[in-house]
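Student: One structure follows; several queries about it will come next.
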Amino acid sequence: MPRKHLIASGINKKQQLQAKIGNKLAKEIKAAVKVGGPNPDANPRLKAAIDKALQNNLSKESIEKNIKGSNKDPNTLIDAEYEGFGPNGLKIIVKTLTDNNNRALGALRGYFSKLNGEITKKNSVKNSFFYSGEIISSKNNLTLNDLMEKILVSLEKIEVSQNEEPITEINELEDCFQIILLPKYFYKLRDLLKESGVEILESEIKYISHDFVNLNKEDYTKLERFLDQCNDDEDIQWVITNFGEVLEDE
């Protein structure tokens, strides 16, 4: 009996989390349409929102419904990005999208307080991050050399600006590859890699840090709670940090 209860509880939590993600993605789609119109080819923000929604298993029907319903939504959504510091100089960026900025900021200050962190002035943190495209691909019997060859073939089909390197980094991780690239080449390269048979696990244009901060177990527990609070908050769209790894006790 207890085992069944735990399984049911886990399923419910997963469904609740998926519902929250769906609500946040729907809100971003509506906000993108209000700002830049309903055509994703002419609205990069909407294109990115649709792309993320599809990756998170939102149906095309649901996406279309939110695009068409955006003009009927009476709420005025306010975009904001907040920067802050956590334990050991951890750097954090939080994106909010809300119809009540005072409510969102008040809650966020509370989350930072429990983290023993603080919200700081604009650009004091963001300048340590790079706005880049990230493609995570499965190894799936693919070697690093195989991947690099597929990337080179794909880049030959893309019009690359003179003296510009589209790819910033290619990293081989334990069970996947990470490709970091300039945002302007993100969609074309990702789609060409898919066509070449590369299995894409995740892909997104986002802030990426190259300077990581490690935390002890106590501070990492606080960070986990902070992230859970942000994920549960409907006014918060996403959180980026430069967390590296948990330090082992000496």
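Ligands are numbered from 1 in the order shown, residues from 1 within each chain, and chains are lettered A, B, ... in the order they appear in the structure tokens.
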Name the residues of region 76-241 of chain A that come out as strand (DSSP E or B) in a backbone DSSP run; write them as a PyMOL selection string.

Tutor: chain A and resi 78-85+91-98+118-120+129-138+167-172+176-181+200-209+213-215+236-241

Student: List the neighbours of Ile179 (chain A) out to 7 Å using only C-alpha atoms; skip same-chain residues closer than 2 positions along the sequence, and give me the result as a PDB file with N, CA, C and O atoms, in the first residue's frame.

Tutor:
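So the final result, stored in part_31.pdb, reads:
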ATOM      1  N   GLU A 134      22.547  26.771 -27.602  1.00  0.00           N
ATOM      2  CA  GLU A 134      23.086  25.536 -27.042  1.00  0.00           C
ATOM      3  C   GLU A 134      22.331  24.355 -27.638  1.00  0.00           C
ATOM      4  O   GLU A 134      21.108  24.319 -27.596  1.00  0.00           O
ATOM      5  N   ILE A 135      23.069  23.410 -28.194  1.00  0.00           N
ATOM      6  CA  ILE A 135      22.482  22.190 -28.738  1.00  0.00           C
ATOM      7  C   ILE A 135      23.093  21.009 -27.985  1.00  0.00           C
ATOM      8  O   ILE A 135      24.315  20.856 -27.949  1.00  0.00           O
ATOM      9  N   ILE A 136      22.245  20.213 -27.365  1.00  0.00           N
ATOM     10  CA  ILE A 136      22.683  19.008 -26.675  1.00  0.00           C
ATOM     11  C   ILE A 136      22.261  17.822 -27.531  1.00  0.00           C
ATOM     12  O   ILE A 136      21.079  17.638 -27.808  1.00  0.00           O
ATOM     13  N   GLU A 169      31.978  26.546 -28.925  1.00  0.00           N
ATOM     14  CA  GLU A 169      32.548  25.391 -28.220  1.00  0.00           C
ATOM     15  C   GLU A 169      31.859  24.115 -28.669  1.00  0.00           C
ATOM     16  O   GLU A 169      30.681  24.130 -29.025  1.00  0.00           O
ATOM     17  N   ILE A 170      32.596  23.006 -28.610  1.00  0.00           N
ATOM     18  CA  ILE A 170      32.023  21.670 -28.726  1.00  0.00           C
ATOM     19  C   ILE A 170      32.602  20.852 -27.577  1.00  0.00           C
ATOM     20  O   ILE A 170      33.817  20.679 -27.480  1.00  0.00           O
ATOM     21  N   ASN A 171      31.736  20.395 -26.684  1.00  0.00           N
ATOM     22  CA  ASN A 171      32.184  19.664 -25.497  1.00  0.00           C
ATOM     23  C   ASN A 171      31.616  18.254 -25.489  1.00  0.00           C
ATOM     24  O   ASN A 171      30.421  18.057 -25.728  1.00  0.00           O
ATOM     25  N   PHE A 177      26.819  15.295 -26.247  1.00  0.00           N
ATOM     26  CA  PHE A 177      27.684  16.363 -26.735  1.00  0.00           C
ATOM     27  C   PHE A 177      26.982  17.697 -26.522  1.00  0.00           C
ATOM     28  O   PHE A 177      25.756  17.793 -26.646  1.00  0.00           O
ATOM     29  N   LEU A 181      26.993  27.877 -29.826  1.00  0.00           N
ATOM     30  CA  LEU A 181      27.159  28.612 -31.085  1.00  0.00           C
ATOM     31  C   LEU A 181      26.486  29.973 -31.036  1.00  0.00           C
ATOM     32  O   LEU A 181      25.698  30.266 -30.122  1.00  0.00           O
TER      33      LEU A 181
END

Student: May I have the residues within 12 Å of Ile50 (chain A) as a ChimeraX atom specification, using only C-alpha atoms and disregarding those fewer than 3 positions away in the same chain?

Tutor: /A:22,25-33,38-41,43-47,53-67,204

Student: Write out the residues from the selection above, keeping N, CA and C atoms, as a compact mmCIF listing (two decimals), in the first residue's frame.

Tutor:
# COMPACT_ATOMS: atom_id res chain seq x y z
N GLY A 22 3.68 24.12 -18.68
CA GLY A 22 2.76 24.44 -19.77
C GLY A 22 2.16 25.82 -19.63
N LEU A 25 4.84 28.44 -20.47
CA LEU A 25 5.10 28.49 -21.91
C LEU A 25 3.96 29.18 -22.65
N ALA A 26 2.73 28.91 -22.22
CA ALA A 26 1.57 29.56 -22.84
C ALA A 26 1.62 31.07 -22.60
N LYS A 27 2.02 31.47 -21.41
CA LYS A 27 2.12 32.90 -21.09
C LYS A 27 3.17 33.57 -21.97
N GLU A 28 4.30 32.90 -22.18
CA GLU A 28 5.36 33.46 -23.01
C GLU A 28 4.92 33.58 -24.47
N ILE A 29 4.17 32.60 -24.96
CA ILE A 29 3.65 32.67 -26.33
C ILE A 29 2.74 33.89 -26.49
N LYS A 30 1.83 34.08 -25.54
CA LYS A 30 0.91 35.22 -25.59
C LYS A 30 1.66 36.54 -25.54
N ALA A 31 2.65 36.63 -24.65
CA ALA A 31 3.43 37.87 -24.53
C ALA A 31 4.20 38.15 -25.82
N ALA A 32 4.75 37.11 -26.42
CA ALA A 32 5.52 37.27 -27.65
C ALA A 32 4.64 37.78 -28.79
N VAL A 33 3.42 37.24 -28.88
CA VAL A 33 2.49 37.67 -29.93
C VAL A 33 2.11 39.14 -29.74
N PRO A 38 1.77 37.61 -34.67
CA PRO A 38 1.54 36.16 -34.65
C PRO A 38 2.37 35.34 -35.64
N ASN A 39 3.22 35.98 -36.43
CA ASN A 39 4.01 35.25 -37.42
C ASN A 39 5.39 34.93 -36.85
N PRO A 40 5.67 33.66 -36.56
CA PRO A 40 6.96 33.32 -35.95
C PRO A 40 8.16 33.61 -36.84
N ASP A 41 7.98 33.62 -38.16
CA ASP A 41 9.09 33.92 -39.06
C ASP A 41 9.52 35.38 -38.97
N ASN A 43 8.88 37.11 -36.03
CA ASN A 43 8.89 37.39 -34.59
C ASN A 43 9.81 36.37 -33.91
N PRO A 44 11.10 36.71 -33.75
CA PRO A 44 12.06 35.76 -33.17
C PRO A 44 11.67 35.27 -31.78
N ARG A 45 11.06 36.16 -30.99
CA ARG A 45 10.67 35.75 -29.64
C ARG A 45 9.58 34.69 -29.70
N LEU A 46 8.63 34.85 -30.59
CA LEU A 46 7.56 33.86 -30.73
C LEU A 46 8.13 32.55 -31.27
N LYS A 47 9.05 32.65 -32.21
CA LYS A 47 9.68 31.44 -32.77
C LYS A 47 10.35 30.63 -31.66
N ALA A 53 8.09 25.30 -26.49
CA ALA A 53 6.83 24.63 -26.18
C ALA A 53 6.78 23.24 -26.81
N LEU A 54 7.23 23.12 -28.05
CA LEU A 54 7.23 21.82 -28.72
C LEU A 54 8.19 20.85 -28.02
N GLN A 55 9.33 21.36 -27.57
CA GLN A 55 10.29 20.51 -26.87
C GLN A 55 9.72 20.00 -25.54
N ASN A 56 8.78 20.78 -24.98
CA ASN A 56 8.16 20.38 -23.71
C ASN A 56 6.80 19.72 -23.92
N ASN A 57 6.59 19.22 -25.13
CA ASN A 57 5.43 18.38 -25.46
C ASN A 57 4.09 19.11 -25.43
N LEU A 58 4.09 20.43 -25.63
CA LEU A 58 2.82 21.12 -25.85
C LEU A 58 2.35 20.81 -27.27
N SER A 59 1.09 20.53 -27.40
CA SER A 59 0.58 20.16 -28.72
C SER A 59 0.54 21.38 -29.64
N LYS A 60 0.59 21.12 -30.93
CA LYS A 60 0.49 22.22 -31.90
C LYS A 60 -0.86 22.92 -31.79
N GLU A 61 -1.89 22.15 -31.43
CA GLU A 61 -3.23 22.74 -31.26
C GLU A 61 -3.24 23.73 -30.10
N SER A 62 -2.59 23.36 -29.00
CA SER A 62 -2.51 24.23 -27.83
C SER A 62 -1.71 25.49 -28.14
N ILE A 63 -0.62 25.33 -28.87
CA ILE A 63 0.20 26.48 -29.25
C ILE A 63 -0.59 27.44 -30.13
N GLU A 64 -1.30 26.89 -31.12
CA GLU A 64 -2.10 27.73 -32.03
C GLU A 64 -3.21 28.44 -31.27
N LYS A 65 -3.80 27.74 -30.31
CA LYS A 65 -4.87 28.32 -29.50
C LYS A 65 -4.35 29.53 -28.71
N ASN A 66 -3.15 29.42 -28.16
CA ASN A 66 -2.58 30.54 -27.39
C ASN A 66 -2.18 31.70 -28.29
N ILE A 67 -1.72 31.38 -29.50
CA ILE A 67 -1.39 32.46 -30.45
C ILE A 67 -2.64 33.24 -30.82
N GLU A 204 18.33 25.32 -27.21
CA GLU A 204 17.75 26.58 -26.74
C GLU A 204 18.77 27.71 -26.91

Student: Neighbouring residues of region 85-89 of chain A were defined as those with any atom within 12 Å, considering only C-alpha atoms; residues of the same chain fewer than 6 positions away were excluded. Please report them as number ranges by chain.

Tutor: A: 109, 111-122, 124-126, 211-224, 226-227, 240-244, 246-247

Student: For the residues in the current selection, export N, CA, C and O atoms as a short mmCIF file (atom, residue, chain, number, x, y, z; two decimals), in the first residue's frame.

Tutor:
data_model
loop_
_atom_site.label_atom_id
_atom_site.label_comp_id
_atom_site.auth_asym_id
_atom_site.auth_seq_id
_atom_site.Cartn_x
_atom_site.Cartn_y
_atom_site.Cartn_z
N ARG A 109 12.38 38.66 -3.83
CA ARG A 109 13.24 39.12 -2.73
C ARG A 109 13.22 38.12 -1.58
O ARG A 109 14.25 37.87 -0.94
N TYR A 111 12.70 34.87 -1.82
CA TYR A 111 13.46 33.68 -2.23
C TYR A 111 14.96 33.93 -2.08
O TYR A 111 15.71 33.06 -1.61
N PHE A 112 15.42 35.12 -2.50
CA PHE A 112 16.84 35.46 -2.38
C PHE A 112 17.26 35.53 -0.91
O PHE A 112 18.36 35.13 -0.54
N SER A 113 16.37 36.05 -0.06
CA SER A 113 16.67 36.16 1.36
C SER A 113 16.91 34.79 1.98
O SER A 113 17.87 34.59 2.75
N LYS A 114 16.08 33.80 1.65
CA LYS A 114 16.24 32.45 2.17
C LYS A 114 17.50 31.77 1.61
O LYS A 114 18.03 30.84 2.21
N LEU A 115 17.96 32.25 0.48
CA LEU A 115 19.18 31.72 -0.13
C LEU A 115 20.42 32.37 0.48
O LEU A 115 21.54 31.95 0.19
N ASN A 116 20.20 33.38 1.34
CA ASN A 116 21.30 34.22 1.85
C ASN A 116 21.97 34.96 0.70
O ASN A 116 23.20 35.10 0.66
N GLY A 117 21.13 35.39 -0.24
CA GLY A 117 21.62 36.14 -1.38
C GLY A 117 20.93 37.48 -1.46
O GLY A 117 20.20 37.88 -0.55
N GLU A 118 21.13 38.18 -2.58
CA GLU A 118 20.50 39.49 -2.74
C GLU A 118 20.37 39.84 -4.22
O GLU A 118 21.16 39.40 -5.05
N ILE A 119 19.35 40.61 -4.52
CA ILE A 119 19.19 41.16 -5.87
C ILE A 119 20.13 42.35 -5.98
O ILE A 119 20.23 43.16 -5.07
N THR A 120 20.82 42.45 -7.11
CA THR A 120 21.80 43.51 -7.28
C THR A 120 21.45 44.38 -8.48
O THR A 120 20.42 44.18 -9.13
N LYS A 121 22.30 45.33 -8.78
CA LYS A 121 22.01 46.28 -9.85
C LYS A 121 22.16 45.64 -11.23
O LYS A 121 22.86 44.63 -11.40
N LYS A 122 21.52 46.24 -12.20
CA LYS A 122 21.50 45.74 -13.57
C LYS A 122 22.92 45.64 -14.14
O LYS A 122 23.75 46.52 -13.93
N SER A 124 25.37 43.82 -13.33
CA SER A 124 26.46 43.44 -12.44
C SER A 124 26.73 41.95 -12.51
O SER A 124 27.79 41.48 -12.12
N VAL A 125 25.76 41.19 -13.03
CA VAL A 125 25.88 39.74 -13.16
C VAL A 125 25.86 39.31 -14.62
O VAL A 125 26.65 38.48 -15.05
N LYS A 126 24.99 39.92 -15.39
CA LYS A 126 24.75 39.47 -16.77
C LYS A 126 25.99 39.55 -17.65
O LYS A 126 26.14 38.76 -18.59
N ASP A 211 32.12 30.76 -16.38
CA ASP A 211 32.80 30.94 -15.09
C ASP A 211 31.91 30.33 -14.01
O ASP A 211 30.86 30.90 -13.68
N PHE A 212 32.28 29.18 -13.50
CA PHE A 212 31.39 28.43 -12.61
C PHE A 212 31.80 28.55 -11.14
O PHE A 212 32.98 28.69 -10.82
N VAL A 213 30.79 28.47 -10.28
CA VAL A 213 30.98 28.55 -8.83
C VAL A 213 30.54 27.24 -8.21
O VAL A 213 29.44 26.74 -8.50
N ASN A 214 31.38 26.67 -7.35
CA ASN A 214 31.04 25.44 -6.63
C ASN A 214 30.49 25.77 -5.25
O ASN A 214 30.86 26.78 -4.65
N LEU A 215 29.59 24.92 -4.76
CA LEU A 215 28.94 25.15 -3.47
C LEU A 215 29.12 23.95 -2.56
O LEU A 215 29.17 22.81 -3.02
N ASN A 216 29.18 24.22 -1.24
CA ASN A 216 29.17 23.11 -0.31
C ASN A 216 27.75 22.54 -0.23
O ASN A 216 26.81 23.12 -0.79
N LYS A 217 27.59 21.43 0.45
CA LYS A 217 26.29 20.73 0.45
C LYS A 217 25.19 21.58 1.07
O LYS A 217 24.04 21.57 0.61
N GLU A 218 25.52 22.33 2.12
CA GLU A 218 24.52 23.17 2.78
C GLU A 218 24.01 24.26 1.84
O GLU A 218 22.80 24.49 1.72
N ASP A 219 24.93 24.93 1.17
CA ASP A 219 24.54 26.00 0.24
C ASP A 219 23.82 25.43 -0.98
O ASP A 219 22.92 26.07 -1.53
N TYR A 220 24.23 24.24 -1.40
CA TYR A 220 23.55 23.61 -2.54
C TYR A 220 22.10 23.28 -2.19
O TYR A 220 21.20 23.43 -3.02
N THR A 221 21.86 22.86 -0.96
CA THR A 221 20.50 22.59 -0.51
C THR A 221 19.66 23.87 -0.56
O THR A 221 18.49 23.84 -0.97
N LYS A 222 20.26 24.98 -0.18
CA LYS A 222 19.56 26.27 -0.25
C LYS A 222 19.26 26.65 -1.70
O LYS A 222 18.19 27.17 -2.01
N LEU A 223 20.23 26.36 -2.59
CA LEU A 223 20.01 26.66 -4.01
C LEU A 223 18.88 25.81 -4.57
O LEU A 223 18.04 26.32 -5.33
N GLU A 224 18.84 24.55 -4.21
CA GLU A 224 17.75 23.68 -4.66
C GLU A 224 16.39 24.22 -4.22
O GLU A 224 15.44 24.25 -5.01
N PHE A 226 15.71 27.34 -3.49
CA PHE A 226 15.50 28.58 -4.25
C PHE A 226 14.93 28.27 -5.64
O PHE A 226 13.96 28.89 -6.09
N LEU A 227 15.53 27.30 -6.32
CA LEU A 227 15.08 26.93 -7.66
C LEU A 227 13.67 26.34 -7.63
O LEU A 227 12.85 26.62 -8.52
N ILE A 240 18.65 31.26 -14.43
CA ILE A 240 19.96 30.82 -14.90
C ILE A 240 20.98 31.11 -13.80
O ILE A 240 20.98 32.20 -13.22
N THR A 241 21.87 30.15 -13.51
CA THR A 241 22.94 30.38 -12.55
C THR A 241 24.25 29.89 -13.15
O THR A 241 24.27 29.22 -14.17
N ASN A 242 25.34 30.22 -12.47
CA ASN A 242 26.64 29.69 -12.90
C ASN A 242 27.15 28.65 -11.90
O ASN A 242 28.34 28.53 -11.64
N PHE A 243 26.19 27.87 -11.36
CA PHE A 243 26.56 26.78 -10.45
C PHE A 243 27.36 25.71 -11.19
O PHE A 243 27.01 25.33 -12.31
N GLY A 244 28.43 25.25 -10.54
CA GLY A 244 29.27 24.22 -11.14
C GLY A 244 29.01 22.85 -10.56
O GLY A 244 28.34 22.03 -11.17
N VAL A 246 28.90 20.34 -6.55
CA VAL A 246 28.85 20.31 -5.08
C VAL A 246 30.22 19.88 -4.55
O VAL A 246 30.79 18.88 -5.00
N LEU A 247 30.73 20.64 -3.60
CA LEU A 247 32.02 20.32 -2.99
C LEU A 247 31.85 19.20 -1.99
O LEU A 247 30.91 19.19 -1.18
#

Student: To one decimal place in Å, what is the distance between CA of Ile236 (chain A) and CA of Leu108 (chain A)?

Tutor: 8.7 Å

Student: Would you list, as a VMD selection string, the residues of region 30-186 of chain A that end up in helix (DSSP H, G or I) under DSSP run on this structure's backbone?

Tutor: chain A and resid 30 to 36 44 to 55 60 to 72 87 to 89 101 to 114 126 to 128 144 to 155 183 to 186

Student: Figure out the distance between CA of His210 (chain A) and CA of Ala104 (chain A), please, to one decimal in Å.

Tutor: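 So the answer is 28.7 Å.
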
Student: How many Å lie between CA of Ile21 (chain A) and CA of Tyr82 (chain A), rounded to one decimal?

Tutor: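 These two atoms are separated by 20.1 Å.
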
Student: Of the residues A:Leu152, A:Ile78, A:Ala48, A:Ile180, which is the one nearest to Phe130 (chain A), using only C-alpha atoms?

Tutor: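 Checking each of A:Leu152, A:Ile78, A:Ala48, A:Ile180 against Phe130 (chain A), counting only C-alpha atoms, the winner is A:Ile180.
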